[in-house]
Structures are given as C-alpha cells and as structure tokens.
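Everything below belongs to final-v3.tsv, which stores TSV, C-alpha atoms.
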```
chain	number	residue	atom	x	y	z
A	1	MET	CA	-12.71	0.11	20.69
A	2	CYS	CA	-13.59	1.39	17.24
A	3	ALA	CA	-16.61	3.65	17.10
A	4	PRO	CA	-19.52	1.82	15.40
A	5	ARG	CA	-21.71	3.45	12.80
A	6	THR	CA	-25.04	4.71	14.04
A	7	GLY	CA	-28.44	4.63	12.39
A	8	ARG	CA	-27.78	1.51	10.28
A	9	ALA	CA	-28.75	-2.10	10.71
A	10	LEU	CA	-25.94	-4.62	10.85
A	11	GLY	CA	-25.72	-6.99	7.89
A	12	TRP	CA	-23.66	-9.84	6.45
A	13	SER	CA	-22.89	-10.75	2.86
A	14	PRO	CA	-22.17	-14.35	1.81
A	15	ALA	CA	-20.06	-13.16	-1.12
A	16	LEU	CA	-16.79	-13.51	0.77
A	17	GLY	CA	-17.35	-16.88	2.42
A	18	GLY	CA	-16.03	-17.83	5.80
A	19	CYS	CA	-12.73	-16.87	7.33
A	20	ARG	CA	-10.23	-19.74	7.33
A	21	ARG	CA	-6.90	-20.33	8.97
A	22	VAL	CA	-4.11	-19.43	6.57
A	23	ALA	CA	-0.94	-20.20	8.54
A	24	PRO	CA	0.15	-22.61	11.29
A	25	ARG	CA	0.87	-19.66	13.55
A	26	VAL	CA	-1.89	-17.10	13.30
A	27	PRO	CA	-1.21	-13.67	14.85
A	28	ASP	CA	-3.61	-12.00	17.23
A	29	ILE	CA	-5.34	-9.11	15.47
A	30	GLY	CA	-6.77	-6.51	17.79
A	31	GLU	CA	-8.12	-2.98	17.82
A	32	ASP	CA	-5.60	-1.65	20.35
A	33	GLY	CA	-3.60	-0.34	17.44
A	34	ALA	CA	-2.89	3.14	18.75
A	35	SER	CA	-1.20	1.94	21.94
A	36	ARG	CA	0.71	-0.96	20.36
A	37	TRP	CA	1.85	1.01	17.29
A	38	ARG	CA	3.50	3.80	19.26
A	39	GLY	CA	7.24	3.34	19.25
A	40	THR	CA	7.22	0.53	16.68
A	41	PRO	CA	10.21	0.87	14.30
A	42	SER	CA	9.06	1.54	10.74
A	43	ARG	CA	12.23	0.65	8.84
A	44	ARG	CA	11.24	-2.97	8.18
A	45	TRP	CA	7.71	-2.06	7.11
A	46	GLY	CA	8.19	-2.41	3.39
A	47	ALA	CA	6.48	-0.75	0.54
A	48	ALA	CA	5.58	-3.78	-1.54
A	49	GLY	CA	2.06	-4.92	-1.03
A	50	SER	CA	0.96	-1.96	0.98
A	51	SER	CA	-2.27	-0.16	0.38
A	52	GLY	CA	-2.98	3.55	0.55
A	53	ALA	CA	-0.64	4.60	-2.27
A	54	MET	CA	2.43	3.33	-0.57
A	55	PRO	CA	5.23	3.54	-3.16
A	56	GLY	CA	6.38	0.05	-4.01
A	57	GLY	CA	9.18	1.03	-6.35
A	58	SER	CA	9.61	2.56	-9.76
A	59	ARG	CA	8.77	0.98	-13.06
A	60	ARG	CA	11.11	0.76	-16.01
A	61	LEU	CA	10.32	3.19	-18.78
A	62	GLY	CA	9.52	1.47	-22.04
A	63	GLY	CA	9.24	2.48	-25.63
A	64	THR	CA	12.87	2.08	-26.76
A	65	ARG	CA	14.00	-0.89	-28.85
A	66	ARG	CA	17.64	-0.60	-27.86
A	67	SER	CA	18.94	-0.60	-24.31
A	68	PRO	CA	20.65	2.56	-22.98
A	69	PRO	CA	24.16	0.97	-22.95
A	70	VAL	CA	23.82	-0.01	-26.63
A	71	MET	CA	22.61	3.47	-27.52
A	72	CYS	CA	25.49	4.96	-25.52
A	73	PHE	CA	28.06	2.90	-27.40
A	74	VAL	CA	26.50	3.73	-30.77
A	75	VAL	CA	26.67	7.45	-30.00
A	76	THR	CA	29.99	7.73	-28.10
A	77	LYS	CA	31.96	4.69	-29.39
A	78	SER	CA	33.45	4.55	-25.88
A	79	PHE	CA	33.62	1.28	-23.92
A	80	LEU	CA	34.36	3.21	-20.70
A	81	LEU	CA	31.25	5.37	-20.90
A	82	THR	CA	29.18	2.36	-21.94
A	83	CYS	CA	30.34	0.41	-18.85
A	84	CYS	CA	29.74	3.36	-16.52
A	85	LEU	CA	26.26	4.16	-17.84
A	86	PRO	CA	24.40	1.26	-16.08
A	87	ILE	CA	25.99	2.22	-12.76
A	88	PHE	CA	24.92	5.83	-13.24
A	89	LEU	CA	21.37	4.85	-14.20
A	90	MET	CA	20.96	2.50	-11.23
A	91	GLY	CA	22.37	5.13	-8.90
A	92	MET	CA	19.96	7.79	-10.13
A	93	ARG	CA	17.02	5.41	-9.90
A	94	TYR	CA	17.99	4.46	-6.34
A	95	TYR	CA	18.39	8.11	-5.34
A	96	PHE	CA	14.97	9.23	-6.57
A	97	SER	CA	13.21	6.09	-5.33
A	98	ARG	CA	14.69	6.47	-1.85
A	99	LYS	CA	13.95	10.20	-1.77
A	100	VAL	CA	10.27	9.77	-2.63
A	101	ILE	CA	9.70	6.76	-0.36
A	102	LEU	CA	11.33	8.40	2.66
A	103	HIS	CA	9.31	11.58	2.11
A	104	TYR	CA	6.13	9.51	1.81
A	105	LEU	CA	6.86	7.70	5.09
A	106	ASP	CA	7.64	10.98	6.82
A	107	CYS	CA	4.37	12.45	5.54
A	108	ALA	CA	2.39	9.42	6.79
A	109	LEU	CA	4.04	9.50	10.22
A	110	HIS	CA	3.13	13.18	10.59
A	111	THR	CA	-0.51	12.91	9.47
A	112	ASP	CA	-2.88	10.02	10.19
A	113	MET	CA	-0.22	7.68	11.62
A	114	SER	CA	0.79	10.32	14.16
A	115	ASP	CA	-2.66	10.23	15.80
A	116	ILE	CA	-4.33	6.89	15.12
A	117	GLU	CA	-7.01	7.43	17.74
A	118	GLN	CA	-8.13	10.69	16.18
A	119	TYR	CA	-8.07	9.44	12.57
A	120	TYR	CA	-9.25	5.86	12.91
A	121	MET	CA	-10.56	4.98	16.38
A	122	LYS	CA	-12.90	7.87	17.16
A	123	PRO	CA	-14.66	8.56	13.81
A	124	PRO	CA	-17.73	6.34	13.29
A	125	GLY	CA	-17.21	3.67	10.66
A	126	SER	CA	-13.42	3.66	10.93
A	127	CYS	CA	-10.96	1.44	12.74
A	128	PHE	CA	-7.31	0.38	13.07
A	129	TRP	CA	-5.89	-3.07	13.77
A	130	VAL	CA	-2.47	-4.50	14.53
A	131	ALA	CA	-1.31	-8.11	14.09
A	132	VAL	CA	0.74	-9.32	17.06
A	133	LEU	CA	2.93	-12.43	16.94
A	134	ASP	CA	5.11	-13.47	19.89
A	135	GLY	CA	4.47	-10.10	21.48
A	136	ASN	CA	5.68	-8.14	18.45
A	137	VAL	CA	3.63	-5.94	16.12
A	138	VAL	CA	4.08	-7.62	12.74
A	139	GLY	CA	1.32	-6.01	10.67
A	140	ILE	CA	-1.10	-3.10	10.53
A	141	VAL	CA	-4.22	-2.14	8.62
A	142	ALA	CA	-6.79	0.64	8.82
A	143	ALA	CA	-10.35	1.18	7.63
A	144	ARG	CA	-11.78	4.61	6.86
A	145	GLY	CA	-15.51	4.89	6.25
A	146	ASN	CA	-17.12	7.23	3.74
A	147	GLU	CA	-20.77	7.91	4.49
A	148	GLU	CA	-21.43	9.74	1.21
A	149	ASP	CA	-21.07	6.67	-1.02
A	150	ASN	CA	-21.37	4.05	1.75
A	151	THR	CA	-17.89	2.64	1.14
A	152	VAL	CA	-14.98	1.87	3.43
A	153	GLU	CA	-11.39	2.34	2.31
A	154	LEU	CA	-8.76	-0.23	3.22
A	155	ARG	CA	-5.68	1.77	4.14
A	156	ARG	CA	-2.15	1.44	5.53
A	157	MET	CA	-1.96	-2.35	5.18
A	158	SER	CA	1.65	-3.37	5.71
A	159	VAL	CA	3.53	-6.34	7.13
A	160	ASP	CA	6.98	-6.46	8.70
A	161	SER	CA	9.43	-7.77	6.09
A	162	ASN	CA	10.61	-10.45	8.53
A	163	TYR	CA	7.11	-11.96	8.76
A	164	ARG	CA	5.90	-11.98	5.17
A	165	GLY	CA	4.60	-15.11	3.51
A	166	LYS	CA	2.78	-16.26	6.65
A	167	GLY	CA	-0.74	-15.20	5.71
A	168	ILE	CA	-0.67	-12.10	7.92
A	169	ALA	CA	-1.63	-9.67	5.14
A	170	LYS	CA	-4.58	-11.82	4.13
A	171	ALA	CA	-5.75	-12.06	7.75
A	172	LEU	CA	-5.56	-8.27	8.06
A	173	GLY	CA	-7.47	-7.80	4.83
A	174	ARG	CA	-10.22	-10.14	5.99
A	175	LYS	CA	-10.49	-8.17	9.21
A	176	VAL	CA	-11.36	-5.05	7.22
A	177	LEU	CA	-13.89	-6.97	5.12
A	178	GLU	CA	-15.55	-8.35	8.25
A	179	PHE	CA	-15.68	-4.81	9.66
A	180	ALA	CA	-17.27	-3.53	6.45
A	181	MET	CA	-19.94	-6.24	6.47
A	182	LEU	CA	-20.76	-5.79	10.15
A	183	ASN	CA	-21.19	-2.06	9.59
A	184	ASN	CA	-23.35	-2.62	6.51
A	185	TYR	CA	-21.08	-0.91	3.98
A	186	SER	CA	-21.89	-1.64	0.36
A	187	SER	CA	-18.29	-1.92	-0.86
A	188	VAL	CA	-14.62	-1.79	0.11
A	189	VAL	CA	-12.09	0.18	-1.95
A	190	LEU	CA	-8.34	0.54	-1.91
A	191	GLY	CA	-5.54	2.14	-3.90
A	192	THR	CA	-1.96	0.98	-4.24
A	193	THR	CA	1.21	1.68	-6.17
A	194	ALA	CA	2.70	-1.73	-5.36
A	195	VAL	CA	4.84	-3.11	-8.17
A	196	LYS	CA	5.14	-6.74	-7.07
A	197	MET	CA	2.48	-9.03	-8.50
A	198	ALA	CA	2.15	-10.78	-5.13
A	199	ALA	CA	0.40	-7.70	-3.73
A	200	HIS	CA	-2.11	-7.58	-6.56
A	201	LYS	CA	-2.75	-11.32	-6.30
A	202	LEU	CA	-3.42	-10.84	-2.59
A	203	TYR	CA	-6.15	-8.28	-3.28
A	204	GLU	CA	-7.67	-10.49	-5.95
A	205	SER	CA	-7.65	-13.49	-3.59
A	206	LEU	CA	-9.67	-11.41	-1.14
A	207	GLY	CA	-12.27	-10.77	-3.84
A	208	PHE	CA	-11.21	-7.32	-5.05
A	209	LYS	CA	-11.59	-6.38	-8.70
A	210	HIS	CA	-9.16	-4.09	-10.51
A	211	VAL	CA	-11.19	-1.08	-11.63
A	212	GLY	CA	-8.60	1.32	-13.01
A	213	VAL	CA	-5.06	2.64	-13.08
A	214	VAL	CA	-3.64	6.17	-13.03
A	215	GLU	CA	-0.42	6.61	-14.99
A	216	HIS	CA	2.31	8.96	-13.77
A	217	TYR	CA	0.74	9.20	-10.33
A	218	ALA	CA	2.20	11.92	-8.08
A	219	LEU	CA	3.06	10.88	-4.53
A	220	PRO	CA	3.81	13.26	-1.65
A	221	GLY	CA	7.40	14.36	-2.05
A	222	MET	CA	7.48	14.10	-5.83
A	223	THR	CA	8.55	17.31	-7.56
A	224	ARG	CA	7.73	16.03	-11.08
A	225	SER	CA	11.04	17.39	-12.35
A	226	LEU	CA	12.42	16.08	-15.64
A	227	LEU	CA	15.04	13.91	-13.95
A	228	GLU	CA	12.53	12.52	-11.50
A	229	ARG	CA	10.11	11.61	-14.30
A	230	MET	CA	12.94	9.87	-16.11
A	231	PHE	CA	14.01	7.70	-13.20
A	232	PHE	CA	10.95	7.30	-10.98
A	233	GLN	CA	7.38	6.82	-12.14
A	234	VAL	CA	4.55	4.98	-10.45
A	235	ARG	CA	1.14	3.67	-11.35
A	236	TYR	CA	-1.77	4.01	-8.97
A	237	HIS	CA	-4.04	0.96	-9.11
A	238	ARG	CA	-7.61	1.11	-7.82
A	239	TYR	CA	-9.46	-1.94	-6.51
A	240	ARG	CA	-13.05	-2.42	-5.42
A	241	LEU	CA	-14.98	-5.20	-3.70
A	242	GLN	CA	-18.75	-4.98	-3.95
A	243	LEU	CA	-20.39	-6.46	-0.85
A	244	ARG	CA	-23.97	-5.76	-1.79
A	245	GLU	CA	-26.02	-3.66	-4.16
A	246	GLU	CA	-27.41	-0.35	-2.94
```

Take the structure from the file and write it as structure tokens.
Amino acid sequence: MCAPRTGRALGWSPALGGCRRVAPRVPDIGEDGASRWRGTPSRRWGAAGSSGAMPGGSRRLGGTRRSPPVMCFVVTKSFLLTCCLPIFLMGMRYYFSRKVILHYLDCALHTDMSDIEQYYMKPPGSCFWVAVLDGNVVGIVAARGNEEDNTVELRRMSVDSNYRGKGIAKALGRKVLEFAMLNNYSSVVLGTTAVKMAAHKLYESLGFKHVGVVEHYALPGMTRSLLERMFFQVRYHRYRLQLREE
C-alpha cells in the first residue's frame, strides 16, 4: 500500500468530474507495482506519450527555406551526393536518437525504477500503479508528492505499444488525479518531451493546461555536442492541473 499523507484532511474537487469507463476491456490498476514490475521487459514501453521527460523523438530543425538535398545539389552539382545525403541525414538522426533514448532508459532503470518501493511506495504522498490486462502488465504510472508547494507530480506514465489506443493511459492518469484529490493536493504537474500530438491531447483531456516549454532541453545522456544538437533536439513541455486554490 502507498503511504498516505499525514496531518491533512482528505478532500475532493468536483473540477474533474466522475471517472467513466473508456474501453470495453478495462485493465485492473493496482498499487502492487513494485512486485509486478520486476522482470517486466521494457523494450515495448515506448517513448511517445510518456511523462517524466521521456524522450519521444527528435524534432526537425527549421529556419531554412531550401531542403538539404536541394542545397547539396546547388553546392556540389552532384546527383550522387544529393541522393546519398538523405540517407546520411536519416542515419545520423537515428543514431543520436537511439543513443539518447537508450541512455535515458538505462538511467531510469538504475534510479527510481530500480527501487520502486523506496522511491514511490514508502514516502508519504507518493505512489506507483500498474495496469494489468489478461495477467500482463500493460501500463505504469507514478505519483511523487512535493510538500513544499503542495503539488504531486505525475511521472513515468507509459503504456505497452501493443496495448495503446484502449484508454489505458487515460485510466492511469485518472488514478493519479484521484490520488491527488484524496490526499488533498492543490495541483498536479507533469513534464514531457513527447512529440506526438496524441500525448498532449491526452493530458488536455484529463484537464491539464500547458504552462510552458523549454527549448533545447538536455536529457540524461546528451553531450550537447555540435553534431548532437544538429540531429537531435527536444522540447520539454510543462503541464499543470489546478485542483483547488490554496
């Protein structure tokens, strides 16, 4: 069981409305995350739509009116180099994207995700849930309370790529919001580098408001070298859901 907050009265906010069924087959979402998560393969747990600064991919650099192949042909007058340039660019982008994402996953699996009980189950005002469907862990989400500003951070929300589009992410998000209201937090915050619009629409459907973006955000594993900045850049989006006024 997650450790409840002490010294605060429990409250509920009508701002979010009731919880409704979002899919014909609704997964069981429980707090036995530490035991169920151990040994779960992480390869299918994708980046898109995840919270907690999970890298969701790189964004294309803008600002040039002509595409790189056109510029290459104008400068070199070589059809061979012009044809090879897109392959080179895609290869470099794939290399740096894969390098950063794998390092990020390795960092996560050696910090809070290596000891869920210590990071999320024991501290007051924090918790960890898993979504189970047909006996398989298909989604995870965590909540980390901050007593200083009376907020709870939605973290590590991710769904198995084989089970997306079934309302699992929304059910996990609502679980965190219910937890925040029961523990009388004033707001829920999250940060994400997800590129796909579906992830941002999910947060907005839960009631979150976009409150800012950090350009050229540095993730664990990023060296910020010139080549890396050319082929892999991310934006860090911040969201906030106000449950009640302090």

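Rounded to one decimal, atom CA of Leu226 of chain A and atom CA of Leu81 of chain A lie 22.3 Å from each other.
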
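A straight line drawn from atom CA of Phe179 of chain A to atom CA of Leu109 of chain A is 24.4 Å long.
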
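Atom CA of Arg93 of chain A is found 16.7 Å from atom CA of Thr193 of chain A.
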
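Using all atoms listed in the file, the smallest distance between any of A:Ile116, A:Met181, A:Ala131, A:Leu227 and Lys166 of chain A comes from A:Ala131.
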
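Shortest separation to Ser205 of chain A among A:Val70, A:Leu243, A:Arg238, A:Ala171 occurs at residue A:Ala171, atoms counted being only C-alpha atoms.
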
- Residue nearest Gln233 of chain A - candidates A:Val213, A:Val159, A:Met113, A:Phe96, atoms counted: only C-alpha atoms: A:Phe96

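Among the candidates A:Ala142, A:Met71, A:Met230, A:Leu80, the residue lying nearest to Ser158 of chain A is A:Ala142 (atoms considered: only C-alpha atoms).
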
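Taking all atoms listed in the file into account, Asn150 of chain A lies nearest to A:Gln242 out of the set A:Gly212, A:Gln242, A:Tyr236, A:Asp115.
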
- Message: Set the distance at 8 Å and use all atoms listed in the file: which residues neighbour Val211 of chain A once local chain neighbours fewer than 4 positions away are removed? I'd like the list as a ChimeraX atom specification.
- Response: /A:237-240

Mind writing segment 113-126 of chain A to a file for me, with N, CA and C atoms, as a JSON list (two decimals), in the first residue's frame?
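So the final result, stored in out26.json, reads:
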```json
[["chain", "number", "residue", "atom", "x", "y", "z"],
["A", 113, "MET", "N", 13.33, 3.62, -10.91],
["A", 113, "MET", "CA", 12.68, 2.39, -11.36],
["A", 113, "MET", "C", 13.40, 1.14, -10.87],
["A", 114, "SER", "N", 14.57, 1.30, -10.31],
["A", 114, "SER", "CA", 15.29, 0.15, -9.75],
["A", 114, "SER", "C", 14.81, -0.18, -8.35],
["A", 115, "ASP", "N", 14.18, 0.76, -7.68],
["A", 115, "ASP", "CA", 13.68, 0.54, -6.31],
["A", 115, "ASP", "C", 12.38, 1.31, -6.14],
["A", 116, "ILE", "N", 11.31, 0.76, -6.70],
["A", 116, "ILE", "CA", 10.01, 1.44, -6.69],
["A", 116, "ILE", "C", 9.49, 1.61, -5.27],
["A", 117, "GLU", "N", 9.70, 0.61, -4.44],
["A", 117, "GLU", "CA", 9.21, 0.70, -3.07],
["A", 117, "GLU", "C", 9.84, 1.88, -2.33],
["A", 118, "GLN", "N", 11.13, 2.05, -2.51],
["A", 118, "GLN", "CA", 11.84, 3.12, -1.81],
["A", 118, "GLN", "C", 11.46, 4.50, -2.33],
["A", 119, "TYR", "N", 11.27, 4.62, -3.65],
["A", 119, "TYR", "CA", 11.01, 5.92, -4.26],
["A", 119, "TYR", "C", 9.54, 6.32, -4.23],
["A", 120, "TYR", "N", 8.64, 5.33, -4.37],
["A", 120, "TYR", "CA", 7.24, 5.67, -4.57],
["A", 120, "TYR", "C", 6.27, 5.07, -3.56],
["A", 121, "MET", "N", 6.60, 3.95, -2.94],
["A", 121, "MET", "CA", 5.64, 3.29, -2.06],
["A", 121, "MET", "C", 5.79, 3.71, -0.60],
["A", 122, "LYS", "N", 7.01, 3.96, -0.17],
["A", 122, "LYS", "CA", 7.26, 4.30, 1.23],
["A", 122, "LYS", "C", 7.09, 5.79, 1.55],
["A", 123, "PRO", "N", 7.57, 6.71, 0.69],
["A", 123, "PRO", "CA", 7.43, 8.13, 1.03],
["A", 123, "PRO", "C", 5.97, 8.57, 1.11],
["A", 124, "PRO", "N", 5.58, 9.31, 2.12],
["A", 124, "PRO", "CA", 4.20, 9.81, 2.21],
["A", 124, "PRO", "C", 3.85, 10.69, 1.01],
["A", 125, "GLY", "N", 2.63, 10.51, 0.50],
["A", 125, "GLY", "CA", 2.19, 11.33, -0.61],
["A", 125, "GLY", "C", 2.68, 10.89, -1.96],
["A", 126, "SER", "N", 3.23, 9.68, -2.05],
["A", 126, "SER", "CA", 3.70, 9.15, -3.33],
["A", 126, "SER", "C", 3.12, 7.75, -3.52]]
```
